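J.: My structure is in coords-v6.pdb, and what it holds is PDB, C-alpha atoms and all ligand atoms:
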ATOM      1  CA  MET C   1      44.385  16.190  -4.480
ATOM      2  CA  GLU C   2      45.092  12.457  -4.240
ATOM      3  CA  LEU C   3      46.061  11.621  -7.806
ATOM      4  CA  ILE C   4      46.170   8.009  -9.031
ATOM      5  CA  LYS C   5      47.724   7.320 -12.421
ATOM      6  CA  ASN C   6      46.994   4.528 -14.902
ATOM      7  CA  THR C   7      47.944   3.925 -18.513
ATOM      8  CA  ILE C   8      46.222   1.818 -21.138
ATOM      9  CA  THR C   9      47.306   1.207 -24.715
ATOM     10  CA  VAL C  10      44.788   1.232 -27.539
ATOM     11  CA  GLY C  11      47.049   2.348 -30.411
ATOM     12  CA  LEU C  12      46.462   6.107 -30.653
ATOM     13  CA  GLU C  13      48.651   8.417 -32.756
ATOM     14  CA  ARG C  14      48.963  10.803 -29.821
ATOM     15  CA  PRO C  15      48.139  10.169 -26.158
ATOM     16  CA  VAL C  16      44.828  11.251 -24.646
ATOM     17  CA  LYS C  17      44.628  12.057 -20.937
ATOM     18  CA  LEU C  18      41.432  11.828 -18.929
ATOM     19  CA  LEU C  19      40.978  12.972 -15.353
ATOM     20  CA  HIS C  20      38.356  10.760 -13.757
ATOM     21  CA  VAL C  21      36.505  12.376 -10.854
ATOM     22  CA  THR C  22      33.379  11.019  -9.171
ATOM     23  CA  ASP C  23      31.205  11.400  -6.070
ATOM     24  CA  THR C  24      31.829  15.041  -5.221
ATOM     25  CA  HIS C  25      28.590  15.219  -3.194
ATOM     26  CA  ILE C  26      28.234  18.987  -3.069
ATOM     27  CA  GLY C  27      25.734  19.818  -0.298
ATOM     28  CA  LEU C  28      24.355  23.359  -0.535
ATOM     29  CA  ALA C  29      21.039  24.843   0.586
ATOM     30  CA  ASP C  30      19.815  28.428   0.694
ATOM     31  CA  ASP C  31      16.676  30.310   1.737
ATOM     32  CA  ARG C  32      14.676  28.766  -1.124
ATOM     33  CA  ASP C  33      15.257  25.287   0.335
ATOM     34  CA  ASP C  34      13.330  23.674   3.184
ATOM     35  CA  GLU C  35      14.577  22.674   6.630
ATOM     36  CA  ARG C  36      15.243  19.078   5.647
ATOM     37  CA  LYS C  37      17.543  20.227   2.835
ATOM     38  CA  HIS C  38      19.359  22.501   5.274
ATOM     39  CA  ALA C  39      19.782  19.565   7.653
ATOM     40  CA  LEU C  40      21.271  17.493   4.810
ATOM     41  CA  ALA C  41      23.568  20.354   3.841
ATOM     42  CA  GLY C  42      24.690  20.561   7.447
ATOM     43  CA  ARG C  43      26.256  17.111   7.152
ATOM     44  CA  PHE C  44      29.098  18.605   5.102
ATOM     45  CA  SER C  45      31.684  21.270   5.122
ATOM     46  CA  SER C  46      30.604  22.093   1.596
ATOM     47  CA  HIS C  47      33.237  24.756   1.088
ATOM     48  CA  ASP C  48      35.981  22.108   1.021
ATOM     49  CA  ARG C  49      34.103  20.035  -1.533
ATOM     50  CA  GLU C  50      33.708  22.977  -3.876
ATOM     51  CA  LYS C  51      37.382  23.848  -3.439
ATOM     52  CA  LEU C  52      38.508  20.259  -4.108
ATOM     53  CA  PHE C  53      36.329  20.112  -7.201
ATOM     54  CA  GLN C  54      37.811  23.379  -8.460
ATOM     55  CA  GLU C  55      41.321  22.007  -7.945
ATOM     56  CA  GLN C  56      40.388  18.936  -9.975
ATOM     57  CA  VAL C  57      38.915  21.077 -12.749
ATOM     58  CA  ASP C  58      42.031  23.284 -12.781
ATOM     59  CA  TYR C  59      44.294  20.216 -12.952
ATOM     60  CA  ALA C  60      42.272  18.774 -15.832
ATOM     61  CA  ARG C  61      42.429  22.053 -17.723
ATOM     62  CA  GLN C  62      46.208  22.207 -17.346
ATOM     63  CA  HIS C  63      47.142  18.562 -17.843
ATOM     64  CA  CYS C  64      44.280  16.605 -19.448
ATOM     65  CA  ASP C  65      42.051  16.540 -22.503
ATOM     66  CA  LEU C  66      38.859  15.974 -20.501
ATOM     67  CA  LEU C  67      37.539  15.634 -16.957
ATOM     68  CA  VAL C  68      35.161  12.665 -16.843
ATOM     69  CA  HIS C  69      32.737  12.937 -13.908
ATOM     70  CA  THR C  70      30.753   9.782 -13.178
ATOM     71  CA  GLY C  71      28.028  11.219 -10.985
ATOM     72  CA  ASP C  72      26.964  12.215  -7.513
ATOM     73  CA  LEU C  73      28.320  15.669  -8.296
ATOM     74  CA  ILE C  74      25.603  16.917  -5.931
ATOM     75  CA  ASP C  75      24.383  15.071  -2.834
ATOM     76  CA  PHE C  76      20.691  15.965  -3.180
ATOM     77  CA  VAL C  77      18.326  18.119  -5.198
ATOM     78  CA  SER C  78      18.152  21.637  -3.754
ATOM     79  CA  HIS C  79      17.848  25.025  -5.415
ATOM     80  CA  ALA C  80      21.375  25.882  -4.317
ATOM     81  CA  ASN C  81      22.863  22.568  -5.498
ATOM     82  CA  VAL C  82      21.108  22.662  -8.858
ATOM     83  CA  ASP C  83      22.221  26.260  -9.518
ATOM     84  CA  TRP C  84      25.793  25.360  -8.560
ATOM     85  CA  ALA C  85      25.863  22.194 -10.710
ATOM     86  CA  ARG C  86      24.287  23.884 -13.724
ATOM     87  CA  ARG C  87      27.016  26.534 -13.594
ATOM     88  CA  ALA C  88      29.829  24.023 -13.004
ATOM     89  CA  LEU C  89      28.760  21.763 -15.878
ATOM     90  CA  GLN C  90      28.812  24.602 -18.416
ATOM     91  CA  ASN C  91      32.598  24.172 -18.381
ATOM     92  CA  ASP C  92      33.522  22.404 -21.606
ATOM     93  CA  ILE C  93      36.438  20.527 -20.015
ATOM     94  CA  ILE C  94      33.865  18.440 -18.087
ATOM     95  CA  PHE C  95      32.096  15.367 -19.438
ATOM     96  CA  PHE C  96      29.307  14.291 -17.090
ATOM     97  CA  ILE C  97      27.051  11.321 -16.500
ATOM     98  CA  ALA C  98      24.584  11.211 -13.621
ATOM     99  CA  GLY C  99      24.713   9.156 -10.425
ATOM    100  CA  ASN C 100      21.918   8.243  -8.034
ATOM    101  CA  HIS C 101      22.348  11.345  -5.852
ATOM    102  CA  GLU C 102      21.676  13.677  -8.785
ATOM    103  CA  TYR C 103      18.005  12.763  -8.330
ATOM    104  CA  SER C 104      18.001  12.287  -4.572
ATOM    105  CA  GLN C 105      15.413  14.483  -2.817
ATOM    106  CA  TYR C 106      16.212  13.715   0.828
ATOM    107  CA  VAL C 107      18.743  10.835   0.527
ATOM    108  CA  GLY C 108      17.151   7.450   1.099
ATOM    109  CA  GLU C 109      13.619   8.674   1.881
ATOM    110  CA  ALA C 110      11.927   6.756  -0.958
ATOM    111  CA  TRP C 111      12.261   3.834  -3.335
ATOM    112  CA  GLU C 112      14.357   5.118  -6.231
ATOM    113  CA  ASP C 113      13.246   4.089  -9.702
ATOM    114  CA  ASN C 114      12.657   5.671 -13.100
ATOM    115  CA  ALA C 115       9.576   7.600 -11.908
ATOM    116  CA  TYR C 116      11.543   8.996  -8.964
ATOM    117  CA  ARG C 117      14.383   9.959 -11.317
ATOM    118  CA  MET C 118      12.048  11.721 -13.734
ATOM    119  CA  ASN C 119      10.270  13.649 -10.970
ATOM    120  CA  SER C 120      13.589  15.108  -9.878
ATOM    121  CA  TYR C 121      14.796  15.647 -13.442
ATOM    122  CA  MET C 122      11.714  17.686 -14.327
ATOM    123  CA  GLN C 123      11.764  19.540 -11.002
ATOM    124  CA  MET C 124      15.327  20.623 -11.794
ATOM    125  CA  GLY C 125      14.031  22.032 -15.087
ATOM    126  CA  TYR C 126      15.130  19.279 -17.486
ATOM    127  CA  GLY C 127      18.022  18.259 -15.291
ATOM    128  CA  LEU C 128      21.328  20.057 -14.974
ATOM    129  CA  GLY C 129      21.537  21.511 -18.491
ATOM    130  CA  VAL C 130      23.734  18.745 -19.943
ATOM    131  CA  PRO C 131      22.882  15.161 -21.014
ATOM    132  CA  MET C 132      22.353  13.094 -17.873
ATOM    133  CA  PHE C 133      21.030   9.709 -19.063
ATOM    134  CA  PHE C 134      23.413   9.056 -21.965
ATOM    135  CA  ASN C 135      26.333  11.140 -23.112
ATOM    136  CA  ALA C 136      29.080  10.705 -25.695
ATOM    137  CA  ARG C 137      32.033  12.823 -26.790
ATOM    138  CA  VAL C 138      35.000  12.101 -29.061
ATOM    139  CA  VAL C 139      38.302  13.475 -27.817
ATOM    140  CA  GLY C 140      41.608  12.796 -29.602
ATOM    141  CA  GLY C 141      40.239   9.756 -31.420
ATOM    142  CA  VAL C 142      38.713   8.177 -28.301
ATOM    143  CA  ASN C 143      34.949   7.964 -27.818
ATOM    144  CA  ILE C 144      33.917   8.627 -24.211
ATOM    145  CA  VAL C 145      30.454   7.144 -23.631
ATOM    146  CA  GLY C 146      28.526   7.770 -20.420
ATOM    147  CA  ILE C 147      25.428   5.831 -19.381
ATOM    148  CA  ASP C 148      23.267   6.437 -16.301
ATOM    149  CA  ASN C 149      23.105   3.009 -14.617
ATOM    150  CA  SER C 150      22.700   4.525 -11.175
ATOM    151  CA  TYR C 151      19.741   2.336 -10.112
ATOM    152  CA  TYR C 152      21.764  -0.816 -10.921
ATOM    153  CA  LEU C 153      19.990  -1.232 -14.251
ATOM    154  CA  PHE C 154      20.616  -0.682 -17.920
ATOM    155  CA  GLU C 155      17.772  -0.227 -20.377
ATOM    156  CA  ASP C 156      17.476  -1.546 -23.922
ATOM    157  CA  TRP C 157      17.743   1.949 -25.386
ATOM    158  CA  HIS C 158      21.128   2.323 -23.636
ATOM    159  CA  LEU C 159      22.376  -0.705 -25.569
ATOM    160  CA  TRP C 160      20.898   0.589 -28.805
ATOM    161  CA  ARG C 161      22.672   3.946 -28.333
ATOM    162  CA  LEU C 162      25.950   2.287 -27.348
ATOM    163  CA  LYS C 163      25.871   0.181 -30.518
ATOM    164  CA  ARG C 164      25.380   3.368 -32.569
ATOM    165  CA  GLU C 165      28.475   4.810 -30.837
ATOM    166  CA  ALA C 166      30.438   1.625 -31.610
ATOM    167  CA  GLU C 167      29.593   2.086 -35.296
ATOM    168  CA  LYS C 168      31.909   5.123 -35.279
ATOM    169  CA  GLY C 169      34.749   2.599 -35.174
ATOM    170  CA  LEU C 170      36.722   4.370 -32.425
ATOM    171  CA  PRO C 171      38.050   2.944 -29.167
ATOM    172  CA  ILE C 172      35.448   3.476 -26.421
ATOM    173  CA  ILE C 173      35.962   4.387 -22.776
ATOM    174  CA  LEU C 174      32.758   3.709 -20.858
ATOM    175  CA  ALA C 175      31.821   5.937 -17.934
ATOM    176  CA  PHE C 176      29.045   5.135 -15.486
ATOM    177  CA  HIS C 177      28.307   5.526 -11.812
ATOM    178  CA  ASP C 178      27.791   1.961 -10.588
ATOM    179  CA  PRO C 179      30.583  -0.581 -11.208
ATOM    180  CA  LEU C 180      29.828  -3.918 -12.840
ATOM    181  CA  PHE C 181      30.082  -7.136 -10.864
ATOM    182  CA  GLU C 182      33.590  -8.582 -10.790
ATOM    183  CA  GLN C 183      34.575 -11.303  -8.322
ATOM    184  CA  SER C 184      37.604  -9.669  -6.675
ATOM    185  CA  LEU C 185      35.741  -6.375  -6.244
ATOM    186  CA  TYR C 186      32.756  -8.220  -4.773
ATOM    187  CA  ASP C 187      35.014 -10.167  -2.377
ATOM    188  CA  TYR C 188      36.889  -7.035  -1.299
ATOM    189  CA  HIS C 189      33.703  -5.074  -0.667
ATOM    190  CA  MET C 190      32.051  -7.890   1.290
ATOM    191  CA  SER C 191      35.189  -8.185   3.449
ATOM    192  CA  LEU C 192      34.919  -4.566   4.620
ATOM    193  CA  PRO C 193      33.561  -4.169   8.159
ATOM    194  CA  GLY C 194      29.784  -3.797   8.160
ATOM    195  CA  SER C 195      29.318  -4.666   4.480
ATOM    196  CA  ASP C 196      26.009  -6.383   3.762
ATOM    197  CA  CYS C 197      25.965  -5.830  -0.019
ATOM    198  CA  THR C 198      28.292  -4.547  -2.736
ATOM    199  CA  TYR C 199      26.293  -1.993  -4.802
ATOM    200  CA  LEU C 200      27.460  -3.659  -8.028
ATOM    201  CA  VAL C 201      25.495  -4.112 -11.256
ATOM    202  CA  GLY C 202      24.899  -7.644 -12.468
ATOM    203  CA  CYS C 203      25.230  -9.798  -9.332
ATOM    204  CA  ASP C 204      23.797 -13.265  -9.959
ATOM    205  CA  GLU C 205      21.486 -14.983  -7.466
ATOM    206  CA  GLU C 206      24.321 -16.784  -5.703
ATOM    207  CA  HIS C 207      26.110 -13.505  -5.023
ATOM    208  CA  LEU C 208      22.873 -11.816  -3.908
ATOM    209  CA  LEU C 209      22.279 -14.493  -1.260
ATOM    210  CA  PRO C 210      24.057 -12.689   1.623
ATOM    211  CA  TYR C 211      22.106  -9.488   0.874
ATOM    212  CA  SER C 212      18.995  -8.377   2.744
ATOM    213  CA  GLU C 213      15.798  -8.686   0.718
ATOM    214  CA  PHE C 214      15.718  -4.892   0.247
ATOM    215  CA  ARG C 215      19.252  -4.798  -1.146
ATOM    216  CA  ALA C 216      18.698  -7.880  -3.314
ATOM    217  CA  VAL C 217      15.574  -6.369  -4.889
ATOM    218  CA  GLN C 218      17.363  -3.037  -5.291
ATOM    219  CA  GLN C 219      20.447  -4.513  -6.979
ATOM    220  CA  ARG C 220      19.134  -7.595  -8.859
ATOM    221  CA  PRO C 221      19.796  -7.271 -12.608
ATOM    222  CA  ASP C 222      16.944  -7.562 -15.107
ATOM    223  CA  ALA C 223      17.115  -8.931 -18.662
ATOM    224  CA  PRO C 224      18.123  -5.658 -20.419
ATOM    225  CA  THR C 225      20.883  -5.182 -17.816
ATOM    226  CA  LEU C 226      22.273  -8.660 -18.473
ATOM    227  CA  ARG C 227      22.103  -8.049 -22.229
ATOM    228  CA  MET C 228      24.120  -4.860 -21.785
ATOM    229  CA  ILE C 229      26.769  -6.531 -19.626
ATOM    230  CA  ASP C 230      27.094  -9.310 -22.193
ATOM    231  CA  TYR C 231      27.615  -6.717 -24.935
ATOM    232  CA  ILE C 232      30.147  -4.705 -22.902
ATOM    233  CA  THR C 233      32.242  -7.776 -22.118
ATOM    234  CA  HIS C 234      32.268  -8.960 -25.748
ATOM    235  CA  GLU C 235      32.713  -5.717 -27.713
ATOM    236  CA  PRO C 236      36.464  -5.339 -28.401
ATOM    237  CA  GLN C 237      36.183  -1.588 -29.087
ATOM    238  CA  ILE C 238      35.375  -1.027 -25.394
ATOM    239  CA  LYS C 239      38.787  -0.495 -23.793
ATOM    240  CA  ALA C 240      38.115   0.504 -20.178
ATOM    241  CA  ILE C 241      35.342   1.374 -17.716
ATOM    242  CA  LEU C 242      35.426   4.334 -15.303
ATOM    243  CA  THR C 243      33.081   4.114 -12.318
ATOM    244  CA  GLY C 244      32.478   5.468  -8.817
ATOM    245  CA  HIS C 245      29.661   5.118  -6.269
ATOM    246  CA  LEU C 246      31.685   2.995  -3.805
ATOM    247  CA  HIS C 247      33.877   5.826  -2.469
ATOM    248  CA  PHE C 248      37.046   3.705  -2.520
ATOM    249  CA  ASN C 249      39.704   3.058  -5.133
ATOM    250  CA  PHE C 250      39.812  -0.315  -6.838
ATOM    251  CA  GLU C 251      41.228  -1.682 -10.084
ATOM    252  CA  SER C 252      40.386  -5.022 -11.635
ATOM    253  CA  SER C 253      39.457  -6.491 -15.015
ATOM    254  CA  LEU C 254      36.138  -7.827 -16.279
ATOM    255  CA  THR C 255      37.908  -9.700 -19.083
ATOM    256  CA  PRO C 256      41.641 -10.004 -19.830
ATOM    257  CA  SER C 257      41.345  -6.950 -22.097
ATOM    258  CA  LEU C 258      38.785  -4.849 -20.162
ATOM    259  CA  PRO C 259      39.934  -3.040 -17.018
ATOM    260  CA  GLN C 260      37.354  -1.494 -14.683
ATOM    261  CA  TYR C 261      38.506   1.406 -12.513
ATOM    262  CA  VAL C 262      36.576   2.424  -9.409
ATOM    263  CA  THR C 263      37.749   5.843  -8.241
ATOM    264  CA  GLY C 264      37.327   7.014  -4.654
ATOM    265  CA  GLY C 265      35.244   9.973  -3.547
ATOM    266  CA  GLY C 266      36.038  13.301  -5.126
ATOM    267  CA  TYR C 267      35.047  14.799  -1.758
ATOM    268  CA  ASP C 268      38.113  12.990  -0.339
ATOM    269  CA  GLY C 269      40.236  14.575  -3.053
ATOM    270  CA  TYR C 270      40.619  11.436  -5.156
ATOM    271  CA  ALA C 271      41.087  11.733  -8.901
ATOM    272  CA  ARG C 272      42.406   9.247 -11.439
ATOM    273  CA  GLU C 273      44.497  10.306 -14.416
ATOM    274  CA  LEU C 274      44.065   7.784 -17.215
ATOM    275  CA  THR C 275      46.614   8.093 -20.013
ATOM    276  CA  ILE C 276      45.460   6.399 -23.199
ATOM    277  CA  LEU C 277      48.257   5.561 -25.631
TER
HETATM  278 FE    FE V 301      26.372   6.925  -5.689
END
Reformat the file's structure so that it appears as structure tokens.
Ligand SMILES: [Fe+2]

T.:
Amino acid sequence: MELIKNTITVGLERPVKLLHVTDTHIGLADDRDDERKHALAGRFSSHDREKLFQEQVDYARQHCDLLVHTGDLIDFVSHANVDWARRALQNDIIFFIAGNHEYSQYVGEAWEDNAYRMNSYMQMGYGLGVPMFFNARVVGGVNIVGIDNSYYLFEDWHLWRLKREAEKGLPIILAFHDPLFEQSLYDYHMSLPGSDCTYLVGCDEEHLLPYSEFRAVQQRPDAPTLRMIDYITHEPQIKAILTGHLHFNFESSLTPSLPQYVTGGGYDGYARELTIL
């Protein structure tokens, strides 16, 4: 396991430790799944991914208060993946919020929007047996709040629910799959070889200019998304953001008091231990 360690101070009586894991991309298929699912599963040595995930869960159980998983636990919807994820997520040490691949049927075969998400969610049998769109749990005086923003959008009900969580008066750690736009993260991602977009939420028109039309339409924020970002960057109870999706590690700050952590792929063994003091 490639462990990265960070500490933030919010004024707790006793420290809380989170293990942030994201983008595990388990790829299983069995005789209930069709040939295309088997072909997708063949892209991976899935055994290693399951083993790495188990190591991360074991580490969290021994050293942390909670494992926060920010999505893409599975790579695509298959009978075998859904069974595996439903079992894995029954473990109470894990706090989960969905990523885009949780709903992915064949990875990139269709335009992914709310209808696509709901088709997969219902096909799975009301998802993976835990909250997938919005999730919140208080641990050691810290409120962990997960929101599914995996299609680069927030919805007004997300903001309404987040405000209800803020009313609890506790420090909040936000967890979601897609990172929010931040200039240094944008610049870094665009500088990578072959990059033609950054997969960030909340890019303005100027920053969408280098994108293809497909990527610009896919990642352009709407009004509820901008309202949410405005709230997140002005609510002092929100102390940090944990994200994934990009499969590399990056740390920067949205405001002087709001760090955003992007953690690399769990399938590469990356995990981030965040100590909250
Ligand atoms: Fe993703």

J.: Applying the PyMOL selection byres (((chain C and resi 179-183) around 6) and not hetatm) to the file I just gave you, which residues come out? Please list them as a list in words.

T.: Asp178, Ser184, Leu185, Tyr186, Leu200, Val201, Gly202, Cys203 and Thr243 of chain C

J.: Decode the PyMOL selection byres (((chain C and resi 173) around 9) and not hetatm) for the given file into explicit residues and return them as a ChimeraX atom specification.

T.: /C:142-146,171-172,174-175,237-242

J.: In Å, with one decimal, what is the gap from atom CA of C:Asp65 to atom CA of C:Leu18?

T.: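 So the answer is 5.9 Å.
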
J.: Of the candidates C:Pro256, C:Pro236, C:Gly244, C:Gly108, which one gets nearest to ligand FE 301 (chain V) if we count all atoms listed in the file?

T.: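 Ranked by minimum distance to ligand FE 301 (chain V), first place goes to C:Gly244.
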
J.: Taking into account all atoms listed in the file, which residue in the set C:Asp222, C:Asp72, C:Glu55, C:Asp83 is nearest to C:Gly129?

T.: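 Closest residue, counting all atoms listed in the file: C:Asp83.
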
J.: Could you check the closest approach to ligand FE 301 (chain V) for each of C:Ser150, C:Thr263, C:Gln123, C:Ser252 and tell me which residue wins, using only C-alpha atoms and all ligand atoms?

T.: C:Ser150

J.: Per residue of chain C within 6 Å of ligand FE 301 (chain V), record the nearest atom pair and its distance in Å to one decimal, counting only C-alpha atoms and all ligand atoms, with rows in chain order and ascending residue number, as CSV.

T.:
residue,atom,partner,partner_atom,distance
C:Asp72,CA,V:FE301,FE,5.6
C:Gly99,CA,V:FE301,FE,5.5
C:Asn100,CA,V:FE301,FE,5.2
C:His101,CA,V:FE301,FE,6.0
C:His245,CA,V:FE301,FE,3.8

J.: Let me see the file: selected residues, C-alpha atoms, as a PDB file, in the coordinates of the input.

T.:
ATOM      1  CA  ASP C  72      26.964  12.215  -7.513  1.00  0.00           C
ATOM      2  CA  GLY C  99      24.713   9.156 -10.425  1.00  0.00           C
ATOM      3  CA  ASN C 100      21.918   8.243  -8.034  1.00  0.00           C
ATOM      4  CA  HIS C 101      22.348  11.345  -5.852  1.00  0.00           C
ATOM      5  CA  HIS C 245      29.661   5.118  -6.269  1.00  0.00           C
TER       6      HIS C 245
END

J.: List the residues selected by the PyMOL selection byres (((chain C and resi 223-232) around 7) and not hetatm) in the file shown, writing them as a ChimeraX atom specification.

T.: /C:153-156,159,202,221-222,233-235,238

J.: Those residues you just picked out, can you put them in a file as a PDB file, in the frame of the given file with C-alpha atoms?

T.:
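Writing done, so here's result_16.pdb:
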ATOM      1  CA  LEU C 153      19.990  -1.232 -14.251  1.00  0.00           C
ATOM      2  CA  PHE C 154      20.616  -0.682 -17.920  1.00  0.00           C
ATOM      3  CA  GLU C 155      17.772  -0.227 -20.377  1.00  0.00           C
ATOM      4  CA  ASP C 156      17.476  -1.546 -23.922  1.00  0.00           C
ATOM      5  CA  LEU C 159      22.376  -0.705 -25.569  1.00  0.00           C
ATOM      6  CA  GLY C 202      24.899  -7.644 -12.468  1.00  0.00           C
ATOM      7  CA  PRO C 221      19.796  -7.271 -12.608  1.00  0.00           C
ATOM      8  CA  ASP C 222      16.944  -7.562 -15.107  1.00  0.00           C
ATOM      9  CA  THR C 233      32.242  -7.776 -22.118  1.00  0.00           C
ATOM     10  CA  HIS C 234      32.268  -8.960 -25.748  1.00  0.00           C
ATOM     11  CA  GLU C 235      32.713  -5.717 -27.713  1.00  0.00           C
ATOM     12  CA  ILE C 238      35.375  -1.027 -25.394  1.00  0.00           C
TER      13      ILE C 238
END

J.: Using all atoms listed in the file for the distances, tell me which of C:Pro15, C:Arg117, C:Thr22, C:Asp34 is nearest to C:Phe248.

T.: C:Thr22

J.: Taking all atoms listed in the file into account, which of C:Gly140, C:Glu2, C:Ser120, C:Arg164 comes nearest C:Arg14?

T.: C:Gly140

J.: Could you list, as JSON, numbers by chain, every residue within 8 Å of C:Leu73, counting all atoms listed in the file and ignoring same-chain residues fewer than 2 positions away?

T.: {"C": [22, 23, 24, 25, 26, 69, 71, 75, 85, 98, 99, 101, 102]}

J.: Keeping only C-alpha atoms, write those residues as a PDB file, in the frame of the given file.

T.:
ATOM      1  CA  THR C  22      33.379  11.019  -9.171  1.00  0.00           C
ATOM      2  CA  ASP C  23      31.205  11.400  -6.070  1.00  0.00           C
ATOM      3  CA  THR C  24      31.829  15.041  -5.221  1.00  0.00           C
ATOM      4  CA  HIS C  25      28.590  15.219  -3.194  1.00  0.00           C
ATOM      5  CA  ILE C  26      28.234  18.987  -3.069  1.00  0.00           C
ATOM      6  CA  HIS C  69      32.737  12.937 -13.908  1.00  0.00           C
ATOM      7  CA  GLY C  71      28.028  11.219 -10.985  1.00  0.00           C
ATOM      8  CA  ASP C  75      24.383  15.071  -2.834  1.00  0.00           C
ATOM      9  CA  ALA C  85      25.863  22.194 -10.710  1.00  0.00           C
ATOM     10  CA  ALA C  98      24.584  11.211 -13.621  1.00  0.00           C
ATOM     11  CA  GLY C  99      24.713   9.156 -10.425  1.00  0.00           C
ATOM     12  CA  HIS C 101      22.348  11.345  -5.852  1.00  0.00           C
ATOM     13  CA  GLU C 102      21.676  13.677  -8.785  1.00  0.00           C
TER      14      GLU C 102
END

J.: Could you tell me which of C:Gly27, C:Gly42, C:Gly141, C:Pro193 comes closest to C:Gln105 if we count only C-alpha atoms?

T.: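 Using only C-alpha atoms, C:Gln105 sits closest to C:Gly27.
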
J.: Between atom CA of C:Gly266 and atom CA of C:Tyr121, what distance in Å does the model show, to one decimal?

T.: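 Between these atoms lies a distance of 22.9 Å.
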
J.: What is the distance, in Å and to one decimal place, between atom CA of C:Val217 and atom CA of C:Trp160?

T.: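 Separation of atom CA of C:Val217 and atom CA of C:Trp160: 25.5 Å.
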
J.: Give, as JSON, the centre coordinates and the x, y and z edge lengths in Å to one decimal for an axis-aligned box around all listed atoms of stretch 133-144 of chain C, padded by 5 Å on each side.

T.:
{"center_x": 31.3, "center_y": 10.7, "center_z": -25.2, "size_x": 30.6, "size_y": 15.5, "size_z": 22.4}

J.: So which residues touch C:Gln218 within 10 Å, counting only C-alpha atoms, skipping near sequence neighbours fewer than 4 positions away, as a PyMOL selection string?

T.: chain C and resi 111-113+151-153+199+212-214
